[in-house]
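This report refers to the structure that appears directly beneath it.
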Amino acid sequence: MTFASTKQLALEARAAGYAVPAVNIVDGISIAAVVKAADSVGSPIILQTSVKTVKYFGAPVLAALAQAAADDASVPVALHLDHCPDRAVITEAIAHGWSSVLFDASDRPFDVARAETAEVTAEAHARGVDVESEIENIVGVEDGVGSDDPNVHFYSDEQLVEVAQETSTDLIAPALGTAHGLYKAAPVLLVDRVRALAALTDIPIVLHGGTGLSAEEFRAFIDAGVSKINISTALKLSYMYSARDHLAEAERTGKWEPVKLFDQIRDSVTETVIEHIQLFGSAGRAGVTA
Ligand code: 13P
C-alpha cells in the first residue's frame, strides 16, 4: 500500500473526535513494532522520522523499511519528517516519498518563517506531499532540534491562522504549553488555545510533546480539536528499558541471542504504542482510507 496522506488522516480524526498517533521511530525494529501495534487494533498510524534518524540511515533505507512495513499492514500508514529546519533534508524527504514534512521555521523571524513556509509548501505540494508548519517555539530539544527557551517566537491565534492559510499549510504545530522530553515541572496546558484556533480554521492542529500527559489531558486536547499527537520519548524509554532488562538477563543466564533482544524490544514498543492508541481513541478507526 502507498503511504497515506497525513493531512487526510488528521482531517478524518478531527471529524470523528479522535487523534492519530504520530510516533517517532528510530530503526527497523521500532518501525515494525509501531505498525504492528496499529495493525493489531485497527488504528491509522503516522511513522515519524527525526532529521537525525534520516541522516543516520539515509532516506532511501528508511523509506524502504517504512514502505515494507506499510505493505504488510491493513491500516493506513503515513510517513512524516519531524522538526526539520534544513531545507535540503526537506527536499530529500519529498524526493523519497515521505507523505509529509514538518518545516520547522521556529528559529526564523516572523517574515522569514512566513516566506520560507510558502516556498516549502509550493515545493511539497508539487509532489503531493503535505506540510506541517511550525513558526512558534515548542519547548524542548527533539533529537538535536529546538530550544529550551519557551518565548522566543509566540504569536496571536489570528497571526498563526493567517500565515497557515496564506502559505497553504496542511497542518499547524502551535505552542500549546507542552514540551518535548520528560516534564521537570507540571506544564501549563493551553487547551483553550486549541479551541480558539479550531474556531478559526479547519486546518488540523498538532500536539507536540505528548509523552507524560494524562488520559484526561489528552482527551481535553482532542475534544478541543487536536487531531495528530506526537509521541517520541515514550517510545525511546520503552525501547531502551526493554533492551537494558534483556541484557541484564543475558548477563545473568549467559544466553546471548540478538534476535531475542530484538523480540523483547519490539514487544515492549508495541505495547507502549497500543496504550497510546487507546488513549487517543484511534483504535478501530482505520477503515476509511485503508
Ligand atoms: P515527546 O518526546 O515529549 O513525546 O514529544 C514528541 C514530539 O513532539 C515529536 O515532535
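Letters for chains follow the order of the C-alpha cells (A, B, ...), residue numbers begin at 1 for each chain, and ligand numbers begin at 1 in the order shown.
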
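Close contacts of Ala37 (chain A), defined as residues with an atom at most 8 Å away when counting only C-alpha atoms, with chain neighbours fewer than 5 positions off set aside, comprise Thr270, Glu271, Val273 and Ile274 of chain A.
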
Residue selection dump (N, CA and C atoms) as a short mmCIF file (atom, residue, chain, number, x, y, z; two decimals), in the first residue's frame:
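This went into out13.cif:
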data_model
loop_
_atom_site.label_atom_id
_atom_site.label_comp_id
_atom_site.auth_asym_id
_atom_site.auth_seq_id
_atom_site.Cartn_x
_atom_site.Cartn_y
_atom_site.Cartn_z
N THR A 270 5.64 -2.20 21.01
CA THR A 270 4.27 -2.44 20.53
C THR A 270 3.27 -2.15 21.65
N GLU A 271 3.57 -2.65 22.85
CA GLU A 271 2.67 -2.43 23.99
C GLU A 271 2.52 -0.93 24.31
N VAL A 273 2.87 1.58 22.28
CA VAL A 273 2.10 2.28 21.23
C VAL A 273 0.62 1.93 21.35
N ILE A 274 0.30 0.68 21.66
CA ILE A 274 -1.12 0.31 21.83
C ILE A 274 -1.74 1.14 22.96
#

For this session: Please extract the residues at most 6 Å from ligand 1, counting only C-alpha atoms and all ligand atoms, and provide them as number ranges by chain, using the chain letters and residue numbers of this document.
Result: A: 82, 179-181, 208-211, 230-234

Problem set entry | Residues near Leu190 (chain A), cut-off 10 Å, only C-alpha atoms, skip fewer than 5 positions along chain, as a ChimeraX atom specification | /A:174-178,195,221

Serialized selection, N, CA and C atoms, as an mmCIF file, in the first residue's frame:
data_model
loop_
_atom_site.group_PDB
_atom_site.id
_atom_site.type_symbol
_atom_site.label_atom_id
_atom_site.label_comp_id
_atom_site.auth_asym_id
_atom_site.auth_seq_id
_atom_site.Cartn_x
_atom_site.Cartn_y
_atom_site.Cartn_z
ATOM 1 N N PRO A 174 1.166 24.557 16.739
ATOM 2 C CA PRO A 174 1.306 25.745 17.598
ATOM 3 C C PRO A 174 1.952 25.396 18.936
ATOM 4 N N ALA A 175 2.381 26.410 19.664
ATOM 5 C CA ALA A 175 2.859 26.194 21.036
ATOM 6 C C ALA A 175 1.624 26.008 21.917
ATOM 7 N N LEU A 176 1.539 24.883 22.614
ATOM 8 C CA LEU A 176 0.342 24.571 23.402
ATOM 9 C C LEU A 176 0.678 24.275 24.862
ATOM 10 N N GLY A 177 1.866 24.717 25.293
ATOM 11 C CA GLY A 177 2.249 24.527 26.695
ATOM 12 C C GLY A 177 2.956 23.213 26.966
ATOM 13 N N THR A 178 2.936 22.311 25.989
ATOM 14 C CA THR A 178 3.630 21.031 26.156
ATOM 15 C C THR A 178 5.101 21.197 25.778
ATOM 16 N N ARG A 195 -9.032 25.350 21.159
ATOM 17 C CA ARG A 195 -10.438 25.650 20.852
ATOM 18 C C ARG A 195 -10.524 26.929 20.021
ATOM 19 N N PHE A 221 -7.447 17.879 25.061
ATOM 20 C CA PHE A 221 -6.862 18.426 23.821
ATOM 21 C C PHE A 221 -7.625 17.917 22.590
#

Exercise. Residues of region 30-108 of chain A in strand (DSSP E) according to DSSP, as a count of residues only?
Worked result: 18

Seminar exercise, completed: For Ala115 (chain A), the closest of A:Ile229, A:Ala173, A:Ile203, A:Val163 counting only C-alpha atoms is A:Val163

For this session: Compile the contact shell of Glu166 (chain A) as a PyMOL selection string: residues with an atom at most 9 Å away, counting only C-alpha atoms, same-chain residues fewer than 4 positions apart removed.
Result: chain A and resi 114+118+161-162

What are the closest atom pairs, with distances in Å to one decimal, for each residue of region 223-279 of chain A lying within 10 Å of region 4-19 of chain A, using only C-alpha atoms, rows by chain and rising residue number, as JSON lines?
{"residue": "A:Asp223", "atom": "CA", "partner": "A:Gly17", "partner_atom": "CA", "distance": 6.5}
{"residue": "A:Ala224", "atom": "CA", "partner": "A:Gly17", "partner_atom": "CA", "distance": 9.2}
{"residue": "A:Gly225", "atom": "CA", "partner": "A:Arg14", "partner_atom": "CA", "distance": 6.3}
{"residue": "A:Val226", "atom": "CA", "partner": "A:Ala19", "partner_atom": "CA", "distance": 6.6}
{"residue": "A:Ser227", "atom": "CA", "partner": "A:Ala19", "partner_atom": "CA", "distance": 4.0}
{"residue": "A:Lys228", "atom": "CA", "partner": "A:Ala19", "partner_atom": "CA", "distance": 5.0}
{"residue": "A:Ile229", "atom": "CA", "partner": "A:Ala19", "partner_atom": "CA", "distance": 6.3}
{"residue": "A:Asn230", "atom": "CA", "partner": "A:Ala19", "partner_atom": "CA", "distance": 9.8}
{"residue": "A:Ile277", "atom": "CA", "partner": "A:Ala19", "partner_atom": "CA", "distance": 8.6}
{"residue": "A:Leu279", "atom": "CA", "partner": "A:Ala19", "partner_atom": "CA", "distance": 9.1}

Would you put the residues from that selection into a file with C-alpha atoms, as a PDB file, in the first residue's frame?
ATOM      1  CA  ASP A 223     -12.121  17.404  22.405  1.00  0.00           C
ATOM      2  CA  ALA A 224     -10.797  20.928  21.784  1.00  0.00           C
ATOM      3  CA  GLY A 225      -9.698  19.983  18.241  1.00  0.00           C
ATOM      4  CA  VAL A 226      -6.242  18.356  18.230  1.00  0.00           C
ATOM      5  CA  SER A 227      -6.143  15.501  15.700  1.00  0.00           C
ATOM      6  CA  LYS A 228      -2.460  14.463  15.470  1.00  0.00           C
ATOM      7  CA  ILE A 229      -0.453  13.763  18.643  1.00  0.00           C
ATOM      8  CA  ASN A 230       3.317  13.303  18.597  1.00  0.00           C
ATOM      9  CA  ILE A 277      -3.667   4.385  20.597  1.00  0.00           C
ATOM     10  CA  LEU A 279      -5.674   6.988  24.918  1.00  0.00           C
TER      11      LEU A 279
END

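Checking A:Leu261, A:Glu134, A:Tyr239, A:Ser43 one by one against Ala105 (chain A), counting only C-alpha atoms, you find the shortest gap at A:Glu134.
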
For this session: Run DSSP on the backbone and grab whatever in region 78-266 of chain A lands in helix (DSSP H, G or I); send it over as a PyMOL selection string.
Result: chain A and resi 87-95+110-125+157-166+191-200+215-224+233-253+258-266

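The space separating CA of Ile94 (chain A) from CA of Asp39 (chain A) comes to 25.6 Å.
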
Exercise. Closest to Asp267 (chain A) among A:Gly281, A:Gly58, A:Ala69, A:His246, using only C-alpha atoms?
Worked result: A:His246

For this session: Would you please work out which residue, of A:Leu200, A:Ala250, A:Val51, A:Ala122, is nearest to Leu81 (chain A) when using only C-alpha atoms?
Result: A:Val51

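What separates CA of Asp107 (chain A) from CA of Arg127 (chain A) is a distance of 25.8 Å.
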
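Using only C-alpha atoms, the contacts of Val89 (chain A) at a cut-off of 10 Å, with sequence neighbours closer than 5 positions omitted, comprise A:Val51, A:Val54, A:Lys55, A:Ala59, A:Leu81, A:Cys84, A:Ile94, A:Ala95, A:Val101, A:Phe103.
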
Seminar exercise, completed: Restricting to only C-alpha atoms, whichever of A:Ala93, A:Val23, A:Val131, A:Ala164 is closest to Thr272 (chain A) is A:Val23

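The gap separating CA of Thr49 (chain A) from CA of Ala63 (chain A) is 9.8 Å, in Å to one decimal.
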